[in-house]
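Quick notes on the structure that follows.
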Amino acid sequence: SSDLYGEINTIERQLDALEQQGIELEAKLRSGEGEMQDDSEQMVDWFKLIHEKHLLVRRESELVYSIKQQNLEQQQADVEYELRCLLNKPEKDWTDEDRAREQVLMKDIVARSEE
């Protein structure tokens, strides 16, 4: 999970750098600096920049989804573990709180499985 966060941070830095490059390139295009051939090269650079930005944004979205998925899986495992611990306790020793907690945990498991 920390690897995913590290990759997201790297992507955010790359996106910031691309943003700065885009600002500079846009300023050059708007000012009309350079010759006609330079302009078409700058337009190609502009579209490459946009493409790279879209790739990074898409990868960032994939990473965010992966992190959310891992968190859900961990929460599911935690709920299942707590329920197993509760069910290992002899039922004659259960308190009203234990029975209520079992109901909450079971509802949680069912709700997560429906997601």
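Residue numbering restarts at 1 for every chain of the structure tokens, chains are lettered A, B, ... in their displayed order, and ligands are numbered from 1 as they appear.
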*Residues at most 12 Å from A:Leu87, counting only C-alpha atoms, excluding those fewer than 4 positions away in the same chain, as a PyMOL selection string?*
chain A and resi 80-83+91-94+98-99+101-103+105-106
*Rank nothing, just name the residue among A:Leu63, A:Ala77, A:Leu72, A:Ile50 nearest to A:Glu115, using only C-alpha atoms.*
A:Leu72
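Neighbours of A:Glu60 closer than or equal to 7 Å, with only C-alpha atoms counted and sequence neighbours fewer than 4 positions away skipped, come out as Ile8, Ile11, Leu56 and Val64 of chain A.
Relative to atom CA of A:His54, atom CA of A:Ala27 is found at 20.8 Å.
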_Between atom CA of A:Val104 and atom CA of A:Leu86, what distance in Å does the model show, to one decimal?_
12.0 Å
*Exercise: A:Leu29 partners within 8 Å, only C-alpha atoms, chain neighbours under 4 positions left out, as a VMD selection string*: chain A and resid 25 33 39 42 to 43
*Just the residues within 12 Å of A:Tyr65, please, counting only C-alpha atoms, with nothing from its chain fewer than 5 positions along; format it as a ChimeraX atom specification.*
/A:1,4-5,8,58-60,70-72
